[in-house]
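Structure file data-v2.pdb (PDB, N, CA and C atoms) is printed below.
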ATOM      1  N   MET A 184      84.108 125.446  -9.086
ATOM      2  CA  MET A 184      83.714 124.060  -9.218
ATOM      3  C   MET A 184      84.531 123.168  -8.281
ATOM      4  N   SER A 185      85.810 123.452  -8.168
ATOM      5  CA  SER A 185      86.652 122.586  -7.347
ATOM      6  C   SER A 185      86.237 122.619  -5.876
ATOM      7  N   ARG A 186      85.849 123.781  -5.373
ATOM      8  CA  ARG A 186      85.416 123.845  -3.966
ATOM      9  C   ARG A 186      84.093 123.123  -3.769
ATOM     10  N   GLY A 187      83.195 123.244  -4.699
ATOM     11  CA  GLY A 187      81.922 122.538  -4.618
ATOM     12  C   GLY A 187      82.106 121.033  -4.695
ATOM     13  N   ALA A 188      83.095 120.596  -5.477
ATOM     14  CA  ALA A 188      83.353 119.160  -5.635
ATOM     15  C   ALA A 188      83.859 118.530  -4.345
ATOM     16  N   ARG A 189      84.317 119.347  -3.402
ATOM     17  CA  ARG A 189      84.805 118.816  -2.124
ATOM     18  C   ARG A 189      83.694 118.550  -1.121
ATOM     19  N   LEU A 190      82.477 118.991  -1.432
ATOM     20  CA  LEU A 190      81.359 118.749  -0.520
ATOM     21  C   LEU A 190      81.002 117.269  -0.492
ATOM     22  N   ARG A 191      80.567 116.800   0.651
ATOM     23  CA  ARG A 191      80.199 115.394   0.816
ATOM     24  C   ARG A 191      79.072 115.017  -0.144
ATOM     25  N   GLY A 192      79.264 113.925  -0.849
ATOM     26  CA  GLY A 192      78.236 113.422  -1.756
ATOM     27  C   GLY A 192      78.263 114.026  -3.146
ATOM     28  N   ILE A 193      79.169 114.957  -3.402
ATOM     29  CA  ILE A 193      79.248 115.634  -4.698
ATOM     30  C   ILE A 193      80.361 115.016  -5.532
ATOM     31  N   THR A 194      80.084 114.801  -6.806
ATOM     32  CA  THR A 194      81.096 114.340  -7.752
ATOM     33  C   THR A 194      81.142 115.302  -8.928
ATOM     34  N   LEU A 195      82.289 115.348  -9.579
ATOM     35  CA  LEU A 195      82.498 116.206 -10.740
ATOM     36  C   LEU A 195      82.525 115.318 -11.974
ATOM     37  N   LYS A 196      81.615 115.572 -12.911
ATOM     38  CA  LYS A 196      81.611 114.820 -14.164
ATOM     39  C   LYS A 196      80.942 115.666 -15.245
ATOM     40  N   ALA A 197      80.896 115.151 -16.442
ATOM     41  CA  ALA A 197      80.375 115.906 -17.587
ATOM     42  C   ALA A 197      78.927 116.345 -17.355
ATOM     43  N   SER A 198      78.642 117.558 -17.791
ATOM     44  CA  SER A 198      77.290 118.103 -17.656
ATOM     45  C   SER A 198      76.358 117.464 -18.674
ATOM     46  N   ARG A 199      75.108 117.307 -18.299
ATOM     47  CA  ARG A 199      74.123 116.819 -19.263
ATOM     48  C   ARG A 199      73.711 117.942 -20.212
ATOM     49  N   PHE A 200      74.129 119.172 -19.916
ATOM     50  CA  PHE A 200      73.848 120.335 -20.756
ATOM     51  C   PHE A 200      75.085 120.731 -21.562
ATOM     52  N   LYS A 201      75.942 119.786 -21.861
ATOM     53  CA  LYS A 201      77.230 120.056 -22.502
ATOM     54  C   LYS A 201      77.089 120.836 -23.803
ATOM     55  N   GLY A 202      76.092 120.566 -24.587
ATOM     56  CA  GLY A 202      75.895 121.268 -25.849
ATOM     57  C   GLY A 202      75.521 122.730 -25.673
ATOM     58  N   ARG A 203      75.194 123.124 -24.478
ATOM     59  CA  ARG A 203      74.805 124.513 -24.191
ATOM     60  C   ARG A 203      75.939 125.293 -23.542
ATOM     61  N   GLY A 204      77.151 124.784 -23.641
ATOM     62  CA  GLY A 204      78.305 125.505 -23.130
ATOM     63  C   GLY A 204      78.772 125.095 -21.750
ATOM     64  N   HIS A 205      78.095 124.163 -21.144
ATOM     65  CA  HIS A 205      78.502 123.679 -19.817
ATOM     66  C   HIS A 205      79.300 122.400 -20.021
ATOM     67  N   GLU A 206      80.571 122.430 -19.671
ATOM     68  CA  GLU A 206      81.414 121.253 -19.865
ATOM     69  C   GLU A 206      81.306 120.285 -18.686
ATOM     70  N   MET A 207      81.736 120.742 -17.524
ATOM     71  CA  MET A 207      81.731 119.903 -16.336
ATOM     72  C   MET A 207      80.665 120.397 -15.372
ATOM     73  N   ALA A 208      80.207 119.488 -14.518
ATOM     74  CA  ALA A 208      79.141 119.835 -13.586
ATOM     75  C   ALA A 208      79.358 119.111 -12.260
ATOM     76  N   LEU A 209      78.652 119.592 -11.254
ATOM     77  CA  LEU A 209      78.635 118.927  -9.956
ATOM     78  C   LEU A 209      77.373 118.084  -9.886
ATOM     79  N   TRP A 210      77.542 116.855  -9.450
ATOM     80  CA  TRP A 210      76.440 115.903  -9.371
ATOM     81  C   TRP A 210      76.273 115.429  -7.940
ATOM     82  N   HIS A 211      75.034 115.237  -7.549
ATOM     83  CA  HIS A 211      74.691 114.627  -6.263
ATOM     84  C   HIS A 211      73.870 113.399  -6.610
ATOM     85  N   GLY A 212      74.476 112.237  -6.475
ATOM     86  CA  GLY A 212      73.801 111.010  -6.909
ATOM     87  C   GLY A 212      73.536 111.067  -8.406
ATOM     88  N   LYS A 213      72.287 110.889  -8.799
ATOM     89  CA  LYS A 213      71.914 110.876 -10.210
ATOM     90  C   LYS A 213      71.517 112.254 -10.743
ATOM     91  N   HIS A 214      71.610 113.279  -9.892
ATOM     92  CA  HIS A 214      71.144 114.612 -10.283
ATOM     93  C   HIS A 214      72.290 115.598 -10.471
ATOM     94  N   GLU A 215      72.267 116.300 -11.572
ATOM     95  CA  GLU A 215      73.188 117.411 -11.769
ATOM     96  C   GLU A 215      72.685 118.566 -10.912
ATOM     97  N   VAL A 216      73.530 119.072 -10.022
ATOM     98  CA  VAL A 216      73.089 120.118  -9.104
ATOM     99  C   VAL A 216      73.730 121.476  -9.376
ATOM    100  N   ALA A 217      74.794 121.524 -10.176
ATOM    101  CA  ALA A 217      75.407 122.821 -10.475
ATOM    102  C   ALA A 217      76.351 122.715 -11.666
ATOM    103  N   HIS A 218      76.453 123.815 -12.386
ATOM    104  CA  HIS A 218      77.463 123.977 -13.424
ATOM    105  C   HIS A 218      77.754 125.463 -13.550
ATOM    106  N   THR A 219      78.899 125.793 -14.141
ATOM    107  CA  THR A 219      79.287 127.194 -14.272
ATOM    108  C   THR A 219      79.570 127.526 -15.730
ATOM    109  N   ARG A 220      79.432 128.829 -16.016
ATOM    110  CA  ARG A 220      79.761 129.341 -17.342
ATOM    111  C   ARG A 220      79.771 130.863 -17.266
ATOM    112  N   ASN A 221      80.772 131.462 -17.884
ATOM    113  CA  ASN A 221      80.852 132.923 -18.000
ATOM    114  C   ASN A 221      80.682 133.654 -16.667
ATOM    115  N   GLY A 222      81.349 133.175 -15.624
ATOM    116  CA  GLY A 222      81.293 133.858 -14.342
ATOM    117  C   GLY A 222      79.967 133.732 -13.614
ATOM    118  N   GLN A 223      79.226 132.684 -13.945
ATOM    119  CA  GLN A 223      77.938 132.458 -13.302
ATOM    120  C   GLN A 223      77.812 130.979 -12.942
ATOM    121  N   ALA A 224      77.097 130.723 -11.856
ATOM    122  CA  ALA A 224      76.807 129.345 -11.460
ATOM    123  C   ALA A 224      75.310 129.120 -11.565
ATOM    124  N   ASP A 225      74.933 128.052 -12.235
ATOM    125  CA  ASP A 225      73.547 127.591 -12.237
ATOM    126  C   ASP A 225      73.461 126.506 -11.184
ATOM    127  N   ILE A 226      72.533 126.660 -10.258
ATOM    128  CA  ILE A 226      72.389 125.697  -9.162
ATOM    129  C   ILE A 226      70.958 125.189  -9.140
ATOM    130  N   ARG A 227      70.813 123.859  -9.122
ATOM    131  CA  ARG A 227      69.490 123.235  -9.066
ATOM    132  C   ARG A 227      69.087 123.121  -7.604
ATOM    133  N   LEU A 228      68.266 124.049  -7.181
ATOM    134  CA  LEU A 228      67.851 124.119  -5.783
ATOM    135  C   LEU A 228      66.592 123.300  -5.527
ATOM    136  N   THR A 229      65.947 122.829  -6.536
ATOM    137  CA  THR A 229      64.647 122.153  -6.564
ATOM    138  C   THR A 229      63.542 123.194  -6.394
ATOM    139  N   ARG A 230      62.374 122.876  -6.895
ATOM    140  CA  ARG A 230      61.253 123.815  -6.784
ATOM    141  C   ARG A 230      60.902 124.091  -5.329
ATOM    142  N   ALA A 231      60.912 123.034  -4.519
ATOM    143  CA  ALA A 231      60.597 123.211  -3.095
ATOM    144  C   ALA A 231      61.657 124.073  -2.417
ATOM    145  N   GLY A 232      62.921 123.882  -2.771
ATOM    146  CA  GLY A 232      63.996 124.682  -2.200
ATOM    147  C   GLY A 232      63.883 126.147  -2.594
ATOM    148  N   VAL A 233      63.571 126.404  -3.864
ATOM    149  CA  VAL A 233      63.385 127.788  -4.322
ATOM    150  C   VAL A 233      62.216 128.416  -3.574
ATOM    151  N   ARG A 234      61.134 127.675  -3.458
ATOM    152  CA  ARG A 234      59.947 128.184  -2.762
ATOM    153  C   ARG A 234      60.272 128.517  -1.302
ATOM    154  N   ALA A 235      61.019 127.644  -0.642
ATOM    155  CA  ALA A 235      61.353 127.855   0.769
ATOM    156  C   ALA A 235      62.286 129.050   0.972
ATOM    157  N   MET A 236      63.149 129.313  -0.009
ATOM    158  CA  MET A 236      64.135 130.387   0.121
ATOM    159  C   MET A 236      63.797 131.619  -0.713
ATOM    160  N   ARG A 237      62.636 131.637  -1.350
ATOM    161  CA  ARG A 237      62.292 132.675  -2.329
ATOM    162  C   ARG A 237      62.542 134.100  -1.835
ATOM    163  N   ASP A 238      62.042 134.452  -0.658
ATOM    164  CA  ASP A 238      62.208 135.820  -0.163
ATOM    165  C   ASP A 238      63.683 136.175   0.010
ATOM    166  N   GLU A 239      64.440 135.259   0.582
ATOM    167  CA  GLU A 239      65.875 135.474   0.778
ATOM    168  C   GLU A 239      66.591 135.630  -0.560
ATOM    169  N   LEU A 240      66.252 134.780  -1.521
ATOM    170  CA  LEU A 240      66.902 134.819  -2.832
ATOM    171  C   LEU A 240      66.562 136.097  -3.587
ATOM    172  N   ARG A 241      65.330 136.530  -3.504
ATOM    173  CA  ARG A 241      64.914 137.760  -4.205
ATOM    174  C   ARG A 241      65.633 138.991  -3.688
ATOM    175  N   GLN A 242      66.047 138.976  -2.430
ATOM    176  CA  GLN A 242      66.730 140.127  -1.838
ATOM    177  C   GLN A 242      68.206 140.196  -2.205
ATOM    178  N   ASP A 243      68.734 139.147  -2.809
ATOM    179  CA  ASP A 243      70.158 139.075  -3.140
ATOM    180  C   ASP A 243      70.359 139.458  -4.605
ATOM    181  N   ALA A 244      71.020 140.578  -4.862
ATOM    182  CA  ALA A 244      71.213 141.090  -6.222
ATOM    183  C   ALA A 244      72.073 140.167  -7.088
ATOM    184  N   ARG A 245      72.811 139.251  -6.474
ATOM    185  CA  ARG A 245      73.656 138.318  -7.243
ATOM    186  C   ARG A 245      72.861 137.170  -7.846
ATOM    187  N   ILE A 246      71.609 137.037  -7.447
ATOM    188  CA  ILE A 246      70.817 135.859  -7.804
ATOM    189  C   ILE A 246      69.683 136.221  -8.745
ATOM    190  N   ASP A 247      69.519 135.393  -9.772
ATOM    191  CA  ASP A 247      68.375 135.508 -10.678
ATOM    192  C   ASP A 247      67.529 134.254 -10.544
ATOM    193  N   LEU A 248      66.255 134.458 -10.241
ATOM    194  CA  LEU A 248      65.307 133.346 -10.239
ATOM    195  C   LEU A 248      64.797 133.206 -11.665
ATOM    196  N   ARG A 249      64.675 132.009 -12.146
ATOM    197  CA  ARG A 249      64.293 131.764 -13.537
ATOM    198  C   ARG A 249      62.823 132.051 -13.812
ATOM    199  N   GLY A 250      62.005 131.946 -12.821
ATOM    200  CA  GLY A 250      60.572 132.159 -13.011
ATOM    201  C   GLY A 250      59.796 131.108 -12.242
ATOM    202  N   PRO A 251      58.478 131.229 -12.236
ATOM    203  CA  PRO A 251      57.653 130.263 -11.503
ATOM    204  C   PRO A 251      57.857 128.846 -12.026
ATOM    205  N   GLY A 252      57.973 127.913 -11.107
ATOM    206  CA  GLY A 252      58.078 126.507 -11.486
ATOM    207  C   GLY A 252      59.468 126.036 -11.852
ATOM    208  N   PHE A 253      60.457 126.913 -11.855
ATOM    209  CA  PHE A 253      61.815 126.499 -12.190
ATOM    210  C   PHE A 253      62.546 126.068 -10.934
ATOM    211  N   ASP A 254      63.439 125.085 -11.088
ATOM    212  CA  ASP A 254      64.201 124.637  -9.931
ATOM    213  C   ASP A 254      65.667 125.036 -10.005
ATOM    214  N   TRP A 255      66.081 125.708 -11.080
ATOM    215  CA  TRP A 255      67.444 126.199 -11.229
ATOM    216  C   TRP A 255      67.470 127.698 -10.961
ATOM    217  N   ILE A 256      68.517 128.154 -10.267
ATOM    218  CA  ILE A 256      68.736 129.590 -10.072
ATOM    219  C   ILE A 256      70.126 129.929 -10.588
ATOM    220  N   LEU A 257      70.342 131.188 -10.903
ATOM    221  CA  LEU A 257      71.630 131.652 -11.402
ATOM    222  C   LEU A 257      72.268 132.561 -10.354
ATOM    223  N   VAL A 258      73.547 132.323 -10.065
ATOM    224  CA  VAL A 258      74.294 133.133  -9.108
ATOM    225  C   VAL A 258      75.487 133.740  -9.846
ATOM    226  N   ARG A 259      75.579 135.075  -9.846
ATOM    227  CA  ARG A 259      76.718 135.757 -10.467
ATOM    228  C   ARG A 259      77.925 135.657  -9.547
ATOM    229  N   LEU A 260      79.072 135.303 -10.124
ATOM    230  CA  LEU A 260      80.300 135.098  -9.353
ATOM    231  C   LEU A 260      81.321 136.154  -9.746
ATOM    232  N   ARG A 261      81.434 137.201  -8.950
ATOM    233  CA  ARG A 261      82.372 138.279  -9.255
ATOM    234  C   ARG A 261      83.528 138.340  -8.252
ATOM    235  N   VAL A 262      83.203 138.148  -6.979
ATOM    236  CA  VAL A 262      84.209 138.238  -5.911
ATOM    237  C   VAL A 262      84.082 137.019  -5.005
ATOM    238  N   THR A 263      85.016 136.871  -4.088
ATOM    239  CA  THR A 263      85.044 135.716  -3.198
ATOM    240  C   THR A 263      83.739 135.550  -2.425
ATOM    241  N   ALA A 264      83.137 136.639  -1.996
ATOM    242  CA  ALA A 264      81.871 136.554  -1.246
ATOM    243  C   ALA A 264      80.768 135.932  -2.098
ATOM    244  N   ASP A 265      80.811 136.155  -3.406
ATOM    245  CA  ASP A 265      79.811 135.554  -4.307
ATOM    246  C   ASP A 265      79.992 134.039  -4.358
ATOM    247  N   VAL A 266      81.240 133.598  -4.385
ATOM    248  CA  VAL A 266      81.528 132.163  -4.398
ATOM    249  C   VAL A 266      81.055 131.529  -3.092
ATOM    250  N   GLU A 267      81.297 132.202  -1.990
ATOM    251  CA  GLU A 267      80.835 131.688  -0.695
ATOM    252  C   GLU A 267      79.312 131.563  -0.681
ATOM    253  N   ARG A 268      78.634 132.554  -1.230
ATOM    254  CA  ARG A 268      77.165 132.514  -1.296
ATOM    255  C   ARG A 268      76.701 131.351  -2.165
ATOM    256  N   ALA A 269      77.358 131.155  -3.298
ATOM    257  CA  ALA A 269      77.003 130.039  -4.179
ATOM    258  C   ALA A 269      77.197 128.707  -3.456
ATOM    259  N   LEU A 270      78.255 128.590  -2.664
ATOM    260  CA  LEU A 270      78.483 127.352  -1.910
ATOM    261  C   LEU A 270      77.399 127.131  -0.860
ATOM    262  N   GLU A 271      76.940 128.199  -0.213
ATOM    263  CA  GLU A 271      75.826 128.069   0.739
ATOM    264  C   GLU A 271      74.584 127.528   0.032
ATOM    265  N   ILE A 272      74.306 128.074  -1.136
ATOM    266  CA  ILE A 272      73.134 127.636  -1.888
ATOM    267  C   ILE A 272      73.322 126.207  -2.396
ATOM    268  N   LEU A 273      74.539 125.866  -2.787
ATOM    269  CA  LEU A 273      74.826 124.490  -3.214
ATOM    270  C   LEU A 273      74.588 123.515  -2.059
ATOM    271  N   ARG A 274      74.983 123.876  -0.863
ATOM    272  CA  ARG A 274      74.720 123.016   0.311
ATOM    273  C   ARG A 274      73.205 122.839   0.502
ATOM    274  N   ALA A 275      72.462 123.919   0.340
ATOM    275  CA  ALA A 275      70.995 123.838   0.451
ATOM    276  C   ALA A 275      70.431 122.949  -0.663
ATOM    277  N   ALA A 276      71.029 123.025  -1.849
ATOM    278  CA  ALA A 276      70.578 122.197  -2.968
ATOM    279  C   ALA A 276      70.807 120.717  -2.678
ATOM    280  N   VAL A 277      71.931 120.394  -2.076
ATOM    281  CA  VAL A 277      72.217 118.996  -1.712
ATOM    282  C   VAL A 277      71.206 118.509  -0.669
ATOM    283  N   ARG A 278      70.924 119.346   0.314
ATOM    284  CA  ARG A 278      69.916 118.955   1.332
ATOM    285  C   ARG A 278      68.549 118.763   0.686
ATOM    286  N   ALA A 279      68.196 119.630  -0.255
ATOM    287  CA  ALA A 279      66.893 119.540  -0.919
ATOM    288  C   ALA A 279      66.794 118.328  -1.830
ATOM    289  N   ASP A 280      67.939 117.850  -2.309
ATOM    290  CA  ASP A 280      67.962 116.738  -3.255
ATOM    291  C   ASP A 280      67.868 115.388  -2.560
ATOM    292  N   THR A 281      67.954 115.351  -1.245
ATOM    293  CA  THR A 281      67.931 114.057  -0.563
ATOM    294  C   THR A 281      66.531 113.620  -0.207
TER     295      THR A 281
END
Write out the structure in this file as structure tokens.
Amino acid sequence: MSRGARLRGITLKASRFKGRGHEMALWHGKHEVAHTRNGQADIRLTRAGVRAMRDELRQDARIDLRGPGFDWILVRLRVTADVERALEILRAAVRADT
């Protein structure tokens, strides 16, 4: 979360999903774009972003697509390379949110 919070335009504040186990989240403007729990990051890539990256995301074993029409994806965070991948996707999420 701390590395994601350093991205331009991102702020760290309470998650709107707090009752579901997510305490803090990354926000871009008025939109929550990421939160973490249990070694996983949920990233709001937007439906258009998921659609544009679908083939790439499906090939990555660290990523779970939620299903048709969902704009959130799940990224498993086990090693440093997973965190780097999550940050790449977070950057794409910020671009998609503008």
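The space between atom CA of A:Leu228 and atom CA of A:Ala276 spans 4.4 Å.
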>> For a test of reading the model, state the distance in Å between atom C of A:Ile193 and atom CA of A:Glu267, rounded to one decimal.
In response: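 Straight-line distance from atom C of A:Ile193 to atom CA of A:Glu267 works out to 17.4 Å.
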> Do you know which residues are at most 6.5 Å from A:Arg259 counting only N, CA and C atoms, after dropping those on the same chain fewer than 6 positions away, and could you put them as a PyMOL selection string?
Replying inline: chain A and resi 222-224+245-247+265-266
> Hey, can you check how far atom C of A:Lys201 sits from atom C of A:Glu271?
Replying inline: 24.9 Å
>> Measuring between only C-alpha atoms, which one of A:His214, A:Arg278, A:Arg268, A:Arg191 shows the shortest distance to A:Asp243?
In response: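 Checking each of A:His214, A:Arg278, A:Arg268, A:Arg191 against A:Asp243, counting only C-alpha atoms, the winner is A:Arg268.
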Evaluate the PyMOL selection byres ((chain A and resi 256) around 6.5) against this structure - the residues, as a short mmCIF file (atom, residue, chain, number, x, y, z; two decimals) with N, CA and C atoms, in the frame of the given file, please.
data_model
loop_
_atom_site.label_atom_id
_atom_site.label_comp_id
_atom_site.auth_asym_id
_atom_site.auth_seq_id
_atom_site.Cartn_x
_atom_site.Cartn_y
_atom_site.Cartn_z
N ALA A 224 77.10 130.72 -11.86
CA ALA A 224 76.81 129.34 -11.46
C ALA A 224 75.31 129.12 -11.56
N ASP A 225 74.93 128.05 -12.24
CA ASP A 225 73.55 127.59 -12.24
C ASP A 225 73.46 126.51 -11.18
N ILE A 226 72.53 126.66 -10.26
CA ILE A 226 72.39 125.70 -9.16
C ILE A 226 70.96 125.19 -9.14
N ARG A 227 70.81 123.86 -9.12
CA ARG A 227 69.49 123.24 -9.07
C ARG A 227 69.09 123.12 -7.60
N LEU A 228 68.27 124.05 -7.18
CA LEU A 228 67.85 124.12 -5.78
C LEU A 228 66.59 123.30 -5.53
N ASP A 247 69.52 135.39 -9.77
CA ASP A 247 68.38 135.51 -10.68
C ASP A 247 67.53 134.25 -10.54
N LEU A 248 66.26 134.46 -10.24
CA LEU A 248 65.31 133.35 -10.24
C LEU A 248 64.80 133.21 -11.66
N ARG A 249 64.68 132.01 -12.15
CA ARG A 249 64.29 131.76 -13.54
C ARG A 249 62.82 132.05 -13.81
N PHE A 253 60.46 126.91 -11.86
CA PHE A 253 61.82 126.50 -12.19
C PHE A 253 62.55 126.07 -10.93
N ASP A 254 63.44 125.08 -11.09
CA ASP A 254 64.20 124.64 -9.93
C ASP A 254 65.67 125.04 -10.01
N TRP A 255 66.08 125.71 -11.08
CA TRP A 255 67.44 126.20 -11.23
C TRP A 255 67.47 127.70 -10.96
N LEU A 257 70.34 131.19 -10.90
CA LEU A 257 71.63 131.65 -11.40
C LEU A 257 72.27 132.56 -10.35
N VAL A 258 73.55 132.32 -10.06
CA VAL A 258 74.29 133.13 -9.11
C VAL A 258 75.49 133.74 -9.85
#
Please return, as an mmCIF file with N, CA and C atoms, in the frame of the given file, all residues of stretch 193-281 of chain A that DSSP assigns to strand (DSSP E) on the basis of the backbone.
data_model
loop_
_atom_site.group_PDB
_atom_site.id
_atom_site.type_symbol
_atom_site.label_atom_id
_atom_site.label_comp_id
_atom_site.auth_asym_id
_atom_site.auth_seq_id
_atom_site.Cartn_x
_atom_site.Cartn_y
_atom_site.Cartn_z
ATOM 1 N N ILE A 193 79.169 114.957 -3.402
ATOM 2 C CA ILE A 193 79.248 115.634 -4.698
ATOM 3 C C ILE A 193 80.361 115.016 -5.532
ATOM 4 N N THR A 194 80.084 114.801 -6.806
ATOM 5 C CA THR A 194 81.096 114.340 -7.752
ATOM 6 C C THR A 194 81.142 115.302 -8.928
ATOM 7 N N LEU A 195 82.289 115.348 -9.579
ATOM 8 C CA LEU A 195 82.498 116.206 -10.740
ATOM 9 C C LEU A 195 82.525 115.318 -11.974
ATOM 10 N N LYS A 196 81.615 115.572 -12.911
ATOM 11 C CA LYS A 196 81.611 114.820 -14.164
ATOM 12 C C LYS A 196 80.942 115.666 -15.245
ATOM 13 N N ALA A 197 80.896 115.151 -16.442
ATOM 14 C CA ALA A 197 80.375 115.906 -17.587
ATOM 15 C C ALA A 197 78.927 116.345 -17.355
ATOM 16 N N MET A 207 81.736 120.742 -17.524
ATOM 17 C CA MET A 207 81.731 119.903 -16.336
ATOM 18 C C MET A 207 80.665 120.397 -15.372
ATOM 19 N N ALA A 208 80.207 119.488 -14.518
ATOM 20 C CA ALA A 208 79.141 119.835 -13.586
ATOM 21 C C ALA A 208 79.358 119.111 -12.260
ATOM 22 N N LEU A 209 78.652 119.592 -11.254
ATOM 23 C CA LEU A 209 78.635 118.927 -9.956
ATOM 24 C C LEU A 209 77.373 118.084 -9.886
ATOM 25 N N TRP A 210 77.542 116.855 -9.450
ATOM 26 C CA TRP A 210 76.440 115.903 -9.371
ATOM 27 C C TRP A 210 76.273 115.429 -7.940
ATOM 28 N N HIS A 211 75.034 115.237 -7.549
ATOM 29 C CA HIS A 211 74.691 114.627 -6.263
ATOM 30 C C HIS A 211 73.870 113.399 -6.610
ATOM 31 N N HIS A 214 71.610 113.279 -9.892
ATOM 32 C CA HIS A 214 71.144 114.612 -10.283
ATOM 33 C C HIS A 214 72.290 115.598 -10.471
ATOM 34 N N GLU A 215 72.267 116.300 -11.572
ATOM 35 C CA GLU A 215 73.188 117.411 -11.769
ATOM 36 C C GLU A 215 72.685 118.566 -10.912
ATOM 37 N N VAL A 216 73.530 119.072 -10.022
ATOM 38 C CA VAL A 216 73.089 120.118 -9.104
ATOM 39 C C VAL A 216 73.730 121.476 -9.376
ATOM 40 N N ALA A 217 74.794 121.524 -10.176
ATOM 41 C CA ALA A 217 75.407 122.821 -10.475
ATOM 42 C C ALA A 217 76.351 122.715 -11.666
ATOM 43 N N HIS A 218 76.453 123.815 -12.386
ATOM 44 C CA HIS A 218 77.463 123.977 -13.424
ATOM 45 C C HIS A 218 77.754 125.463 -13.550
ATOM 46 N N THR A 219 78.899 125.793 -14.141
ATOM 47 C CA THR A 219 79.287 127.194 -14.272
ATOM 48 C C THR A 219 79.570 127.526 -15.730
ATOM 49 N N ARG A 220 79.432 128.829 -16.016
ATOM 50 C CA ARG A 220 79.761 129.341 -17.342
ATOM 51 C C ARG A 220 79.771 130.863 -17.266
ATOM 52 N N GLN A 223 79.226 132.684 -13.945
ATOM 53 C CA GLN A 223 77.938 132.458 -13.302
ATOM 54 C C GLN A 223 77.812 130.979 -12.942
ATOM 55 N N ALA A 224 77.097 130.723 -11.856
ATOM 56 C CA ALA A 224 76.807 129.345 -11.460
ATOM 57 C C ALA A 224 75.310 129.120 -11.565
ATOM 58 N N ASP A 225 74.933 128.052 -12.235
ATOM 59 C CA ASP A 225 73.547 127.591 -12.237
ATOM 60 C C ASP A 225 73.461 126.506 -11.184
ATOM 61 N N ILE A 226 72.533 126.660 -10.258
ATOM 62 C CA ILE A 226 72.389 125.697 -9.162
ATOM 63 C C ILE A 226 70.958 125.189 -9.140
ATOM 64 N N ARG A 227 70.813 123.859 -9.122
ATOM 65 C CA ARG A 227 69.490 123.235 -9.066
ATOM 66 C C ARG A 227 69.087 123.121 -7.604
ATOM 67 N N ILE A 246 71.609 137.037 -7.447
ATOM 68 C CA ILE A 246 70.817 135.859 -7.804
ATOM 69 C C ILE A 246 69.683 136.221 -8.745
ATOM 70 N N ASP A 247 69.519 135.393 -9.772
ATOM 71 C CA ASP A 247 68.375 135.508 -10.678
ATOM 72 C C ASP A 247 67.529 134.254 -10.544
ATOM 73 N N LEU A 248 66.255 134.458 -10.241
ATOM 74 C CA LEU A 248 65.307 133.346 -10.239
ATOM 75 C C LEU A 248 64.797 133.206 -11.665
ATOM 76 N N TRP A 255 66.081 125.708 -11.080
ATOM 77 C CA TRP A 255 67.444 126.199 -11.229
ATOM 78 C C TRP A 255 67.470 127.698 -10.961
ATOM 79 N N ILE A 256 68.517 128.154 -10.267
ATOM 80 C CA ILE A 256 68.736 129.590 -10.072
ATOM 81 C C ILE A 256 70.126 129.929 -10.588
ATOM 82 N N LEU A 257 70.342 131.188 -10.903
ATOM 83 C CA LEU A 257 71.630 131.652 -11.402
ATOM 84 C C LEU A 257 72.268 132.561 -10.354
ATOM 85 N N VAL A 258 73.547 132.323 -10.065
ATOM 86 C CA VAL A 258 74.294 133.133 -9.108
ATOM 87 C C VAL A 258 75.487 133.740 -9.846
ATOM 88 N N ARG A 259 75.579 135.075 -9.846
ATOM 89 C CA ARG A 259 76.718 135.757 -10.467
ATOM 90 C C ARG A 259 77.925 135.657 -9.547
#
Test item: which residues lie within 9 Å of (83.8, 115.1, -9.7) counting only C-alpha atoms, as a short mmCIF file (atom, residue, chain, number, x, y, z; two decimals) with N, CA and C atoms, in the frame of the given file:
data_model
loop_
_atom_site.label_atom_id
_atom_site.label_comp_id
_atom_site.auth_asym_id
_atom_site.auth_seq_id
_atom_site.Cartn_x
_atom_site.Cartn_y
_atom_site.Cartn_z
N MET A 184 84.11 125.45 -9.09
CA MET A 184 83.71 124.06 -9.22
C MET A 184 84.53 123.17 -8.28
N SER A 185 85.81 123.45 -8.17
CA SER A 185 86.65 122.59 -7.35
C SER A 185 86.24 122.62 -5.88
N ALA A 188 83.10 120.60 -5.48
CA ALA A 188 83.35 119.16 -5.64
C ALA A 188 83.86 118.53 -4.34
N ARG A 189 84.32 119.35 -3.40
CA ARG A 189 84.80 118.82 -2.12
C ARG A 189 83.69 118.55 -1.12
N ILE A 193 79.17 114.96 -3.40
CA ILE A 193 79.25 115.63 -4.70
C ILE A 193 80.36 115.02 -5.53
N THR A 194 80.08 114.80 -6.81
CA THR A 194 81.10 114.34 -7.75
C THR A 194 81.14 115.30 -8.93
N LEU A 195 82.29 115.35 -9.58
CA LEU A 195 82.50 116.21 -10.74
C LEU A 195 82.52 115.32 -11.97
N LYS A 196 81.61 115.57 -12.91
CA LYS A 196 81.61 114.82 -14.16
C LYS A 196 80.94 115.67 -15.24
N ALA A 197 80.90 115.15 -16.44
CA ALA A 197 80.38 115.91 -17.59
C ALA A 197 78.93 116.34 -17.36
N MET A 207 81.74 120.74 -17.52
CA MET A 207 81.73 119.90 -16.34
C MET A 207 80.67 120.40 -15.37
N ALA A 208 80.21 119.49 -14.52
CA ALA A 208 79.14 119.84 -13.59
C ALA A 208 79.36 119.11 -12.26
N LEU A 209 78.65 119.59 -11.25
CA LEU A 209 78.64 118.93 -9.96
C LEU A 209 77.37 118.08 -9.89
N TRP A 210 77.54 116.86 -9.45
CA TRP A 210 76.44 115.90 -9.37
C TRP A 210 76.27 115.43 -7.94
#
The centre and edge lengths of an axis-aligned box containing all atoms of stretch 210-216 of chain A present in the file, extended by 8 Å on each side, are to be given in Å to one decimal, as JSON.
{"center_x": 74.3, "center_y": 116.2, "center_z": -9.0, "size_x": 22.4, "size_y": 26.6, "size_z": 21.5}
> stretch 215-273 of chain A: which residues are alpha helix (DSSP H) by DSSP, as a PyMOL selection string?
Replying inline: chain A and resi 230-241+263-273
> Between A:Arg237, A:Leu190, A:Arg261, A:His218, which has the minimum distance to A:Arg274 (counting only N, CA and C atoms)?
Replying inline: A:Leu190
> Restricting the calculation to only N, CA and C atoms, which member of A:Ala217, A:Arg241, A:Ser198, A:Arg230 is positioned closest to A:Leu273?
Replying inline: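 Checking each of A:Ala217, A:Arg241, A:Ser198, A:Arg230 against A:Leu273, counting only N, CA and C atoms, the winner is A:Ala217.
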